[in-house]
>>> print(open('structure-v6.pdb').read())   # PDB, C-alpha atoms
MODEL        1
ATOM      1  CA  MET J   1     -49.517 -71.844 -31.110
ATOM      2  CA  PRO J   2     -46.211 -73.594 -31.892
ATOM      3  CA  THR J   3     -43.380 -73.005 -29.461
ATOM      4  CA  TYR J   4     -39.707 -72.842 -30.307
ATOM      5  CA  HIS J   5     -36.602 -73.077 -28.221
ATOM      6  CA  ALA J   6     -33.719 -70.849 -29.315
ATOM      7  CA  LYS J   7     -30.072 -71.202 -28.385
ATOM      8  CA  VAL J   8     -27.998 -68.098 -29.039
ATOM      9  CA  PHE J   9     -24.201 -68.115 -29.009
ATOM     10  CA  VAL J  10     -22.354 -64.819 -28.758
ATOM     11  CA  THR J  11     -18.570 -64.603 -29.008
ATOM     12  CA  LEU J  12     -16.148 -61.719 -29.268
ATOM     13  CA  LYS J  13     -14.802 -61.202 -32.777
ATOM     14  CA  PRO J  14     -11.337 -62.685 -33.283
ATOM     15  CA  SER J  15      -9.857 -59.177 -33.516
ATOM     16  CA  ILE J  16     -11.232 -58.175 -30.084
ATOM     17  CA  LEU J  17      -9.234 -58.825 -26.956
ATOM     18  CA  ASP J  18     -10.847 -61.661 -25.005
ATOM     19  CA  PRO J  19      -9.362 -61.339 -21.520
ATOM     20  CA  GLN J  20     -11.450 -64.189 -20.131
ATOM     21  CA  GLY J  21     -10.366 -66.525 -22.893
ATOM     22  CA  ARG J  22      -6.746 -65.550 -22.505
ATOM     23  CA  THR J  23      -6.875 -66.031 -18.736
ATOM     24  CA  VAL J  24      -8.454 -69.463 -19.086
ATOM     25  CA  GLU J  25      -5.890 -70.414 -21.711
ATOM     26  CA  ARG J  26      -3.046 -69.400 -19.408
ATOM     27  CA  ALA J  27      -4.590 -71.306 -16.532
ATOM     28  CA  LEU J  28      -4.881 -74.426 -18.687
ATOM     29  CA  SER J  29      -1.269 -74.063 -19.701
ATOM     30  CA  HIS J  30      -0.261 -73.808 -16.007
ATOM     31  CA  LEU J  31      -2.231 -76.995 -15.411
ATOM     32  CA  ASP J  32      -0.012 -78.679 -18.012
ATOM     33  CA  TYR J  33      -2.586 -78.846 -20.787
ATOM     34  CA  ALA J  34       0.147 -77.654 -23.092
ATOM     35  CA  ASN J  35      -1.689 -78.608 -26.280
ATOM     36  CA  VAL J  36      -4.660 -76.266 -25.690
ATOM     37  CA  SER J  37      -4.846 -72.983 -27.578
ATOM     38  CA  GLY J  38      -7.374 -70.575 -29.035
ATOM     39  CA  VAL J  39      -9.582 -70.400 -25.924
ATOM     40  CA  ARG J  40     -12.451 -67.943 -26.365
ATOM     41  CA  VAL J  41     -15.134 -67.361 -23.746
ATOM     42  CA  GLY J  42     -18.560 -66.360 -25.002
ATOM     43  CA  LYS J  43     -22.164 -66.158 -23.910
ATOM     44  CA  TYR J  44     -24.925 -68.678 -24.286
ATOM     45  CA  ILE J  45     -28.482 -67.376 -24.132
ATOM     46  CA  GLU J  46     -31.667 -69.438 -24.230
ATOM     47  CA  LEU J  47     -35.045 -68.113 -25.308
ATOM     48  CA  THR J  48     -38.483 -69.597 -25.799
ATOM     49  CA  LEU J  49     -40.603 -68.011 -28.516
ATOM     50  CA  SER J  50     -44.103 -68.811 -29.648
ATOM     51  CA  GLY J  51     -45.605 -68.124 -33.037
ATOM     52  CA  GLU J  52     -45.331 -69.327 -36.603
ATOM     53  CA  ARG J  53     -41.855 -70.457 -37.602
ATOM     54  CA  ALA J  54     -41.145 -67.800 -40.236
ATOM     55  CA  GLU J  55     -42.259 -65.023 -37.921
ATOM     56  CA  VAL J  56     -40.296 -66.421 -34.987
ATOM     57  CA  GLU J  57     -37.169 -66.750 -37.133
ATOM     58  CA  SER J  58     -37.225 -63.175 -38.310
ATOM     59  CA  GLN J  59     -38.019 -61.935 -34.798
ATOM     60  CA  LEU J  60     -35.137 -63.953 -33.355
ATOM     61  CA  ALA J  61     -32.711 -62.687 -35.999
ATOM     62  CA  ASP J  62     -33.741 -59.164 -35.063
ATOM     63  CA  ILE J  63     -33.335 -59.814 -31.316
ATOM     64  CA  VAL J  64     -29.929 -61.452 -31.794
ATOM     65  CA  GLU J  65     -28.554 -58.723 -34.059
ATOM     66  CA  ASN J  66     -30.012 -55.707 -32.310
ATOM     67  CA  VAL J  67     -30.110 -56.625 -28.636
ATOM     68  CA  LEU J  68     -28.249 -59.778 -27.659
ATOM     69  CA  SER J  69     -25.048 -58.974 -29.538
ATOM     70  CA  ASN J  70     -23.093 -55.904 -30.505
ATOM     71  CA  PRO J  71     -21.992 -56.470 -34.121
ATOM     72  CA  ILE J  72     -19.121 -54.012 -33.671
ATOM     73  CA  MET J  73     -17.294 -56.421 -31.392
ATOM     74  CA  GLU J  74     -19.218 -59.685 -31.346
ATOM     75  CA  ASN J  75     -20.272 -62.519 -33.626
ATOM     76  CA  ALA J  76     -23.553 -64.278 -32.965
ATOM     77  CA  ARG J  77     -25.304 -67.375 -34.259
ATOM     78  CA  TRP J  78     -28.462 -69.143 -33.235
ATOM     79  CA  GLU J  79     -30.251 -72.454 -33.425
ATOM     80  CA  LEU J  80     -34.008 -72.870 -33.311
ATOM     81  CA  GLU J  81     -35.812 -76.072 -32.396
ATOM     82  CA  ALA J  82     -39.520 -76.745 -32.263
ATOM     83  CA  VAL J  83     -40.656 -77.742 -28.770
ATOM     84  CA  PRO J  84     -42.790 -80.915 -28.904
ATOM     85  CA  MET J  85     -46.466 -80.035 -28.525
ATOM     86  CA  GLN J  86     -47.028 -81.552 -25.080
ATOM     87  CA  GLU J  87     -43.950 -79.838 -23.628
ATOM     88  CA  GLY J  88     -45.058 -76.659 -25.345
ATOM     89  CA  ARG J  89     -48.370 -76.766 -23.438
ATOM     90  CA  GLU J  90     -46.503 -77.245 -20.199
ATOM     91  CA  VAL J  91     -44.308 -74.235 -20.967
ATOM     92  CA  ALA J  92     -47.344 -72.171 -21.882
ATOM     93  CA  GLY J  93     -49.108 -73.211 -18.687
ATOM     94  CA  ALA J  94     -46.116 -72.659 -16.406
TER      95      ALA J  94
ATOM     96  CA  MET W   1     -28.386 -24.397 -19.837
ATOM     97  CA  LYS W   2     -31.436 -26.451 -18.898
ATOM     98  CA  THR W   3     -30.132 -29.888 -17.960
ATOM     99  CA  ALA W   4     -31.726 -33.291 -17.467
ATOM    100  CA  VAL W   5     -29.691 -36.038 -15.774
ATOM    101  CA  ILE W   6     -30.986 -39.403 -16.943
ATOM    102  CA  GLN W   7     -31.196 -42.089 -14.264
ATOM    103  CA  PHE W   8     -31.094 -45.780 -15.095
ATOM    104  CA  PRO W   9     -31.349 -48.561 -12.532
ATOM    105  CA  GLY W  10     -27.713 -48.896 -11.491
ATOM    106  CA  SER W  11     -26.600 -45.335 -12.272
ATOM    107  CA  ASN W  12     -24.348 -44.380  -9.369
ATOM    108  CA  CYS W  13     -22.799 -41.130 -10.559
ATOM    109  CA  ASP W  14     -26.205 -39.523 -11.050
ATOM    110  CA  ALA W  15     -25.938 -37.411  -7.892
ATOM    111  CA  ASP W  16     -22.439 -36.244  -8.899
ATOM    112  CA  ALA W  17     -23.753 -35.337 -12.355
ATOM    113  CA  LEU W  18     -26.710 -33.437 -10.904
ATOM    114  CA  HIS W  19     -24.457 -31.625  -8.425
ATOM    115  CA  ALA W  20     -22.031 -30.574 -11.171
ATOM    116  CA  ALA W  21     -24.862 -29.509 -13.464
ATOM    117  CA  ARG W  22     -26.553 -27.452 -10.730
ATOM    118  CA  LEU W  23     -23.264 -25.859  -9.735
ATOM    119  CA  THR W  24     -22.179 -24.946 -13.239
ATOM    120  CA  LEU W  25     -25.048 -24.982 -15.739
ATOM    121  CA  ASP W  26     -28.519 -24.920 -14.304
ATOM    122  CA  PRO W  27     -29.524 -24.514 -10.636
ATOM    123  CA  GLU W  28     -32.768 -26.301 -11.488
ATOM    124  CA  ALA W  29     -31.188 -29.286 -13.237
ATOM    125  CA  GLN W  30     -33.304 -32.360 -12.558
ATOM    126  CA  PHE W  31     -33.302 -36.126 -12.701
ATOM    127  CA  VAL W  32     -35.306 -37.913 -15.388
ATOM    128  CA  TRP W  33     -36.169 -41.575 -14.814
ATOM    129  CA  HIS W  34     -35.446 -44.029 -17.643
ATOM    130  CA  THR W  35     -39.074 -45.033 -18.096
ATOM    131  CA  GLU W  36     -40.111 -41.493 -19.051
ATOM    132  CA  ALA W  37     -41.175 -41.057 -22.662
ATOM    133  CA  GLY W  38     -39.850 -37.525 -22.977
ATOM    134  CA  LEU W  39     -37.350 -34.993 -21.670
ATOM    135  CA  PRO W  40     -38.602 -31.982 -19.694
ATOM    136  CA  GLU W  41     -39.758 -29.109 -21.917
ATOM    137  CA  GLY W  42     -36.853 -26.930 -22.978
ATOM    138  CA  THR W  43     -34.079 -29.389 -22.073
ATOM    139  CA  GLU W  44     -30.828 -28.271 -23.685
ATOM    140  CA  LEU W  45     -28.446 -30.858 -22.250
ATOM    141  CA  ALA W  46     -29.221 -34.525 -21.645
ATOM    142  CA  PHE W  47     -26.572 -35.832 -19.257
ATOM    143  CA  LEU W  48     -26.097 -39.612 -19.156
ATOM    144  CA  PRO W  49     -24.197 -40.321 -15.949
ATOM    145  CA  GLY W  50     -21.776 -43.054 -15.011
ATOM    146  CA  GLY W  51     -22.562 -46.220 -13.115
ATOM    147  CA  PHE W  52     -23.567 -49.758 -13.885
ATOM    148  CA  SER W  53     -26.932 -49.528 -15.595
ATOM    149  CA  TYR W  54     -28.738 -52.846 -15.291
ATOM    150  CA  GLY W  55     -25.675 -54.236 -13.530
ATOM    151  CA  ASP W  56     -23.761 -54.204 -16.845
ATOM    152  CA  HIS W  57     -25.647 -57.391 -17.698
ATOM    153  CA  LEU W  58     -25.634 -58.484 -21.338
ATOM    154  CA  ARG W  59     -23.097 -55.721 -22.188
ATOM    155  CA  SER W  60     -22.292 -52.405 -20.512
ATOM    156  CA  GLY W  61     -24.964 -49.886 -21.430
ATOM    157  CA  ALA W  62     -26.825 -52.287 -23.731
ATOM    158  CA  ILE W  63     -30.103 -52.501 -21.846
ATOM    159  CA  ALA W  64     -30.153 -48.823 -20.873
ATOM    160  CA  ALA W  65     -29.617 -47.916 -24.533
ATOM    161  CA  ARG W  66     -32.942 -49.578 -25.337
ATOM    162  CA  SER W  67     -34.955 -47.980 -22.533
ATOM    163  CA  PRO W  68     -37.879 -45.632 -23.305
ATOM    164  CA  ILE W  69     -36.077 -42.375 -22.452
ATOM    165  CA  MET W  70     -33.367 -43.105 -25.019
ATOM    166  CA  ALA W  71     -35.808 -42.611 -27.892
ATOM    167  CA  ALA W  72     -36.343 -39.088 -26.554
ATOM    168  CA  VAL W  73     -32.592 -38.574 -26.129
ATOM    169  CA  LYS W  74     -32.068 -39.625 -29.763
ATOM    170  CA  GLU W  75     -34.724 -37.192 -30.965
ATOM    171  CA  HIS W  76     -33.161 -34.482 -28.823
ATOM    172  CA  ALA W  77     -29.764 -35.229 -30.429
ATOM    173  CA  GLU W  78     -31.266 -35.220 -33.928
ATOM    174  CA  ARG W  79     -32.741 -31.781 -33.247
ATOM    175  CA  GLY W  80     -29.243 -30.574 -32.359
ATOM    176  CA  GLY W  81     -29.675 -30.778 -28.577
ATOM    177  CA  TYR W  82     -26.566 -31.450 -26.500
ATOM    178  CA  VAL W  83     -25.933 -34.902 -25.083
ATOM    179  CA  LEU W  84     -23.075 -35.729 -22.713
ATOM    180  CA  GLY W  85     -22.367 -39.330 -21.784
ATOM    181  CA  VAL W  86     -19.805 -40.015 -19.089
ATOM    182  CA  CYS W  87     -18.400 -43.499 -18.405
ATOM    183  CA  ASN W  88     -21.462 -45.773 -18.427
ATOM    184  CA  GLY W  89     -23.178 -42.904 -20.235
ATOM    185  CA  PHE W  90     -20.544 -43.214 -22.988
ATOM    186  CA  GLN W  91     -21.195 -46.960 -23.154
ATOM    187  CA  VAL W  92     -24.923 -46.240 -23.454
ATOM    188  CA  LEU W  93     -24.285 -43.776 -26.308
ATOM    189  CA  THR W  94     -22.267 -46.307 -28.303
ATOM    190  CA  GLU W  95     -24.846 -49.034 -27.669
ATOM    191  CA  ALA W  96     -27.596 -46.636 -28.758
ATOM    192  CA  GLY W  97     -25.741 -45.872 -31.977
ATOM    193  CA  LEU W  98     -25.390 -42.185 -31.137
ATOM    194  CA  LEU W  99     -21.607 -42.581 -31.180
ATOM    195  CA  PRO W 100     -19.537 -45.120 -33.150
ATOM    196  CA  GLY W 101     -17.458 -47.931 -31.685
ATOM    197  CA  ALA W 102     -17.743 -49.925 -28.500
ATOM    198  CA  LEU W 103     -16.162 -50.123 -25.049
ATOM    199  CA  SER W 104     -14.717 -53.453 -23.976
ATOM    200  CA  ARG W 105     -12.850 -54.827 -20.960
ATOM    201  CA  ASN W 106      -9.750 -52.960 -19.884
ATOM    202  CA  ARG W 107      -6.649 -54.504 -21.407
ATOM    203  CA  ASP W 108      -5.273 -55.643 -18.036
ATOM    204  CA  LEU W 109      -8.673 -56.757 -16.623
ATOM    205  CA  HIS W 110      -8.318 -54.329 -13.736
ATOM    206  CA  PHE W 111     -10.880 -51.783 -12.672
ATOM    207  CA  HIS W 112      -9.044 -48.461 -12.771
ATOM    208  CA  CYS W 113      -9.991 -45.745 -10.326
ATOM    209  CA  ALA W 114      -7.506 -42.872 -10.370
ATOM    210  CA  PRO W 115      -6.923 -39.338 -11.566
ATOM    211  CA  VAL W 116      -5.502 -39.425 -15.101
ATOM    212  CA  HIS W 117      -4.163 -36.858 -17.517
ATOM    213  CA  LEU W 118      -6.034 -36.125 -20.723
ATOM    214  CA  ARG W 119      -4.986 -34.028 -23.657
ATOM    215  CA  VAL W 120      -7.692 -31.821 -25.124
ATOM    216  CA  GLU W 121      -7.255 -32.805 -28.770
ATOM    217  CA  ASN W 122     -10.056 -30.639 -30.111
ATOM    218  CA  HIS W 123     -10.811 -27.451 -28.210
ATOM    219  CA  GLN W 124     -13.180 -26.180 -30.870
ATOM    220  CA  THR W 125     -16.240 -28.150 -29.802
ATOM    221  CA  ALA W 126     -19.243 -26.972 -27.807
ATOM    222  CA  PHE W 127     -17.881 -29.039 -24.911
ATOM    223  CA  THR W 128     -14.270 -27.865 -24.956
ATOM    224  CA  GLY W 129     -14.233 -24.214 -26.049
ATOM    225  CA  ALA W 130     -13.006 -23.067 -22.648
ATOM    226  CA  TYR W 131      -9.850 -25.186 -22.908
ATOM    227  CA  GLU W 132      -6.730 -24.328 -24.829
ATOM    228  CA  ALA W 133      -5.423 -26.350 -27.752
ATOM    229  CA  ASN W 134      -3.563 -29.436 -26.475
ATOM    230  CA  GLN W 135      -4.179 -28.467 -22.863
ATOM    231  CA  VAL W 136      -3.471 -31.323 -20.457
ATOM    232  CA  ILE W 137      -6.117 -31.684 -17.768
ATOM    233  CA  GLU W 138      -6.490 -33.984 -14.772
ATOM    234  CA  ILE W 139      -9.782 -35.863 -14.562
ATOM    235  CA  PRO W 140     -10.575 -39.043 -12.616
ATOM    236  CA  ILE W 141     -11.480 -42.341 -14.220
ATOM    237  CA  ALA W 142     -13.366 -45.242 -12.610
ATOM    238  CA  HIS W 143     -14.113 -48.063 -15.009
ATOM    239  CA  GLY W 144     -13.529 -51.692 -15.847
ATOM    240  CA  GLU W 145     -14.684 -51.497 -19.452
ATOM    241  CA  GLY W 146     -13.229 -48.399 -21.019
ATOM    242  CA  ASN W 147     -11.171 -49.962 -23.775
ATOM    243  CA  TYR W 148     -12.392 -48.070 -26.845
ATOM    244  CA  TYR W 149     -12.651 -50.109 -30.007
ATOM    245  CA  ALA W 150     -13.853 -49.331 -33.517
ATOM    246  CA  ASP W 151     -12.932 -50.764 -36.902
ATOM    247  CA  PRO W 152      -9.908 -49.174 -38.650
ATOM    248  CA  GLU W 153     -12.096 -47.150 -41.073
ATOM    249  CA  THR W 154     -14.071 -45.630 -38.184
ATOM    250  CA  ILE W 155     -10.890 -44.785 -36.272
ATOM    251  CA  ALA W 156      -9.374 -43.173 -39.361
ATOM    252  CA  ARG W 157     -12.534 -41.152 -39.897
ATOM    253  CA  LEU W 158     -12.709 -39.997 -36.267
ATOM    254  CA  GLU W 159      -9.089 -38.884 -36.463
ATOM    255  CA  ALA W 160      -9.446 -37.164 -39.837
ATOM    256  CA  GLU W 161     -12.538 -35.269 -38.727
ATOM    257  CA  GLY W 162     -11.065 -34.115 -35.418
ATOM    258  CA  ARG W 163     -13.648 -36.111 -33.504
ATOM    259  CA  VAL W 164     -11.200 -37.513 -30.981
ATOM    260  CA  VAL W 165     -11.784 -34.817 -28.390
ATOM    261  CA  PHE W 166      -9.797 -36.232 -25.446
ATOM    262  CA  ARG W 167      -6.802 -38.559 -25.494
ATOM    263  CA  TYR W 168      -5.131 -40.263 -22.524
ATOM    264  CA  VAL W 169      -1.578 -39.168 -21.847
ATOM    265  CA  ASP W 170      -0.896 -42.618 -20.313
ATOM    266  CA  ASN W 171      -3.449 -45.022 -21.698
ATOM    267  CA  PRO W 172      -4.951 -46.885 -18.712
ATOM    268  CA  ASN W 173      -7.220 -49.341 -20.536
ATOM    269  CA  GLY W 174      -5.888 -50.192 -23.991
ATOM    270  CA  SER W 175      -8.165 -47.868 -25.971
ATOM    271  CA  LEU W 176      -7.210 -47.630 -29.631
ATOM    272  CA  ASN W 177      -5.232 -44.451 -30.379
ATOM    273  CA  ASP W 178      -5.440 -43.588 -26.627
ATOM    274  CA  ILE W 179      -9.003 -42.398 -27.177
ATOM    275  CA  ALA W 180     -10.714 -41.118 -24.017
ATOM    276  CA  GLY W 181     -13.584 -39.163 -25.561
ATOM    277  CA  ILE W 182     -15.198 -38.660 -28.954
ATOM    278  CA  ILE W 183     -17.864 -36.476 -30.484
ATOM    279  CA  ASN W 184     -20.500 -37.187 -33.138
ATOM    280  CA  GLU W 185     -20.427 -35.784 -36.637
ATOM    281  CA  ASP W 186     -22.679 -32.842 -35.803
ATOM    282  CA  GLY W 187     -20.665 -31.928 -32.707
ATOM    283  CA  ASN W 188     -23.545 -32.067 -30.221
ATOM    284  CA  VAL W 189     -23.078 -35.551 -28.698
ATOM    285  CA  LEU W 190     -19.953 -36.248 -26.669
ATOM    286  CA  GLY W 191     -18.987 -39.452 -24.888
ATOM    287  CA  MET W 192     -15.998 -39.901 -22.603
ATOM    288  CA  MET W 193     -14.843 -42.451 -20.045
ATOM    289  CA  PRO W 194     -13.271 -39.994 -17.545
ATOM    290  CA  HIS W 195     -15.547 -38.143 -15.123
ATOM    291  CA  PRO W 196     -15.455 -34.343 -15.563
ATOM    292  CA  GLU W 197     -18.352 -34.012 -13.090
ATOM    293  CA  ARG W 198     -16.040 -35.316 -10.373
ATOM    294  CA  ALA W 199     -13.564 -32.515 -11.058
ATOM    295  CA  VAL W 200     -15.535 -29.297 -10.701
ATOM    296  CA  GLU W 201     -14.260 -28.131  -7.299
ATOM    297  CA  LEU W 202     -10.733 -28.043  -5.886
ATOM    298  CA  LEU W 203     -12.125 -29.822  -2.851
ATOM    299  CA  LEU W 204     -12.451 -32.859  -5.129
ATOM    300  CA  GLY W 205      -8.766 -32.754  -6.059
ATOM    301  CA  SER W 206      -9.154 -31.068  -9.429
ATOM    302  CA  ALA W 207     -11.364 -28.433 -10.982
ATOM    303  CA  ASP W 208     -10.195 -29.239 -14.504
ATOM    304  CA  GLY W 209     -13.628 -30.571 -15.449
ATOM    305  CA  LEU W 210     -15.103 -27.100 -15.036
ATOM    306  CA  GLY W 211     -13.906 -26.144 -18.515
ATOM    307  CA  MET W 212     -16.341 -28.598 -20.064
ATOM    308  CA  PHE W 213     -19.337 -27.154 -18.257
ATOM    309  CA  GLU W 214     -18.177 -23.578 -18.812
ATOM    310  CA  SER W 215     -17.871 -24.344 -22.527
ATOM    311  CA  LEU W 216     -21.438 -25.641 -22.615
ATOM    312  CA  LYS W 217     -22.747 -22.728 -20.611
ATOM    313  CA  ALA W 218     -21.261 -20.294 -23.116
ATOM    314  CA  LYS W 219     -23.393 -21.928 -25.857
TER     315      LYS W 219
ENDMDL
END
>>> encode(input="structure-v6.pdb", output="C-alpha cells")
Amino acid sequence: MPTYHAKVFVTLKPSILDPQGRTVERALSHLDYANVSGVRVGKYIELTLSGERAEVESQLADIVENVLSNPIMENARWELEAVPMQEGREVAGA
Amino acid sequence: MKTAVIQFPGSNCDADALHAARLTLDPEAQFVWHTEAGLPEGTELAFLPGGFSYGDHLRSGAIAARSPIMAAVKEHAERGGYVLGVCNGFQVLTEAGLLPGALSRNRDLHFHCAPVHLRVENHQTAFTGAYEANQVIEIPIAHGEGNYYADPETIARLEAEGRVVFRYVDNPNGSLNDIAGIINEDGNVLGMMPHPERAVELLLGSADGLGMFESLKAK
C-alpha cells in the first residue's frame, strides 16, 4: 500500500492575539534585529498515512480541519508527499 | 438532580466538582470515565470539570472533546439534559461545538489564580435563577487560557440573545466583552472559566457559587 508523509502547519489567525509571536518579536528587537516584524509562532505536525492518494488526501483534510486545528482561531495548511517504496516498507515494518 | 462528573486524563478539579455536586445536588453523584460510551441511566447534569485534559496538548480541551463519552454528552445535551463545563470543561465544550467560540492564551500570558468578581448578566437561566439581576458574585479563577474569542457576528448574537451569562467586573484575561460564561441557544449547556464548585462553602472563602447549584436543583 502506498505511504504518504504529511506536513501540517497550523497558525493562529491574524486577528487572534499571538503572545508567543509577540514575545519572540520583542526579544528579537531587544537583540537589535530592528528590521524584524510580523513574528507568528505556529505548530508543525507530521503524520504518516497509508492508502490510495485520493483517500489519504480527503482523510488528511478531515483530520486537519476537525482535529489538528480549530478553524475559529487558527489557519491550517498541509503538504503531502509520497514516501519512496523502499522507505515505505521500512516504515511499515518499524 | 442526578449528576455525573466526567473525568478525563488530566482533570484535576474533578474531586472539587464531585464534592460540590454531592453537597448541593445529588448525594450519589458519581464519576464517569472518559472512555465510557454512555452516561449513567437517569443522568440530569453532566459536569465537565476543570483541569488540563490531555495536558492541554494540541489545544486546551481539543482531545477530550473527541473522547468517547463526549458523544454521549452531546446526545444528552440534544435531549435537553443539563451540561455544565467549568474552566477546562468550558474549553472542552467549545472544542466539541456545544458552545460557540474558543478560549485562547490570557492576554498577559500569566496564569491567573485568584478570586474575581462576576456580574450575573442573565439570571433567568436554569443555572442562575437563584441569583438576582446584575448581582455581583465572588468566584475563583485558575487558568492560563481563558481569553474568550468568537467572531464579531457570534459575539453580537450572544449579546442580543442574552447568552452572556457571566461577565468579569475586572477582566483578567482579555476575553472579548469581558465574557466569563455563556449559555447555548436552548439554555441547557453552560460554560464558564471561573470555578463555582470552589465557592460552595464559606470555609473556601466564598459561598457565592452555591446559587448556581441551587438554581439547578430547583429545576
>>> closest_atom_pairs(input="structure-v6.pdb", of="region 21-77 of chain W", to="region 69-89 of chain J", cutoff="10 Å", atoms="only C-alpha atoms", output="Markdown table")
| residue | atom | partner | partner_atom | distance |
| --- | --- | --- | --- | --- |
| W:Leu58 | CA | J:Ser69 | CA | 8.2 |
| W:Arg59 | CA | J:Ser69 | CA | 8.3 |
| W:Ala62 | CA | J:Asn70 | CA | 8.5 |
>>> residues_around(input="structure-v6.pdb", residues="Ser104 (chain W)", least_positions_apart="2", cutoff="10 Å", atoms="all atoms listed in the file", output="number ranges by chain")
J: 12, 16-19, 73; W: 59-60, 91, 101-102, 106-107, 144-149, 173-175
>>> resolve_selection(input="structure-v6.pdb", expression="the PyMOL selection byres ((chain W and resi 50-54) around 12)", output="PyMOL selection string")
chain W and resi 5-18+34+47-49+55-67+84-93+141-146+191-198
>>> residues_around(input="structure-v6.pdb", residues="Leu158 (chain W)", least_positions_apart="4", cutoff="10 Å", atoms="all atoms listed in the file", output="compact mmCIF listing (two decimals) with C-alpha atoms, keeping the file's coordinate frame")
# COMPACT_ATOMS: atom_id res chain seq x y z
CA PRO W 100 -19.54 -45.12 -33.15
CA ALA W 150 -13.85 -49.33 -33.52
CA PRO W 152 -9.91 -49.17 -38.65
CA GLU W 153 -12.10 -47.15 -41.07
CA THR W 154 -14.07 -45.63 -38.18
CA GLY W 162 -11.06 -34.12 -35.42
CA ARG W 163 -13.65 -36.11 -33.50
CA VAL W 164 -11.20 -37.51 -30.98
CA VAL W 165 -11.78 -34.82 -28.39
CA ILE W 182 -15.20 -38.66 -28.95
CA ILE W 183 -17.86 -36.48 -30.48
CA ASN W 184 -20.50 -37.19 -33.14
CA GLU W 185 -20.43 -35.78 -36.64
>>> resolve_selection(input="structure-v6.pdb", expression="the PyMOL selection byres ((chain J and resi 49) around 6)", output="list in words")
Thr3, Tyr4, Thr48 and Ser50 of chain J
>>> resolve_selection(input="structure-v6.pdb", expression="the PyMOL selection byres ((chain W and resi 25) around 6)", output="list in words")
Met1, Ala21, Arg22, Thr24, Asp26 and Lys217 of chain W
>>> write_last_selection(input="structure-v6.pdb", atoms="C-alpha atoms", output="CSV table (one decimal), in the coordinates of the input")
chain,number,residue,atom,x,y,z
W,1,MET,CA,-28.4,-24.4,-19.8
W,21,ALA,CA,-24.9,-29.5,-13.5
W,22,ARG,CA,-26.6,-27.5,-10.7
W,24,THR,CA,-22.2,-24.9,-13.2
W,26,ASP,CA,-28.5,-24.9,-14.3
W,217,LYS,CA,-22.7,-22.7,-20.6
>>> atom_distance(input="structure-v6.pdb", atom1="CA of Asn35 (chain J)", atom2="CA of Gln20 (chain J)")
18.5 Å
>>> atom_distance(input="structure-v6.pdb", atom1="CA of Gly209 (chain W)", atom2="CA of Pro115 (chain W)")
11.7 Å
>>> atom_distance(input="structure-v6.pdb", atom1="CA of Asp186 (chain W)", atom2="CA of Gly97 (chain W)")
13.9 Å
>>> closest_residue(input="structure-v6.pdb", among="W:Leu39, W:Ala96, W:Ala71, W:Leu45", to="chain J", atoms="only C-alpha atoms")
W:Ala96
>>> closest_residue(input="structure-v6.pdb", among="W:Thr94, W:Asn122, W:Thr43, W:Asn188", to="chain J", atoms="only C-alpha atoms")
W:Thr94
>>> closest_residue(input="structure-v6.pdb", among="J:Ala6, J:Gly42, J:Met1, J:Val56", to="chain W", atoms="all atoms listed in the file")
J:Gly42
>>> residues_around(input="structure-v6.pdb", residues="Gly38 (chain W)", least_positions_apart="6", cutoff="10 Å", atoms="only C-alpha atoms", output="MDAnalysis selection string")
chainID W and resid 32 68:73 75:76
>>> write_last_selection(input="structure-v6.pdb", atoms="C-alpha atoms", output="PDB file, in the frame of the given file")
ATOM      1  CA  VAL W  32     -35.306 -37.913 -15.388  1.00  0.00           C
ATOM      2  CA  PRO W  68     -37.879 -45.632 -23.305  1.00  0.00           C
ATOM      3  CA  ILE W  69     -36.077 -42.375 -22.452  1.00  0.00           C
ATOM      4  CA  MET W  70     -33.367 -43.105 -25.019  1.00  0.00           C
ATOM      5  CA  ALA W  71     -35.808 -42.611 -27.892  1.00  0.00           C
ATOM      6  CA  ALA W  72     -36.343 -39.088 -26.554  1.00  0.00           C
ATOM      7  CA  VAL W  73     -32.592 -38.574 -26.129  1.00  0.00           C
ATOM      8  CA  GLU W  75     -34.724 -37.192 -30.965  1.00  0.00           C
ATOM      9  CA  HIS W  76     -33.161 -34.482 -28.823  1.00  0.00           C
TER      10      HIS W  76
END
>>> closest_residue(input="structure-v6.pdb", among="J:Val36, J:Leu60, J:Ala54, J:Val41", to="Lys13 (chain J)", atoms="all atoms listed in the file")
J:Val41
>>> closest_residue(input="structure-v6.pdb", among="W:Ala133, W:Leu176, W:Val116, W:Ala77", to="chain J", atoms="all atoms listed in the file")
W:Leu176
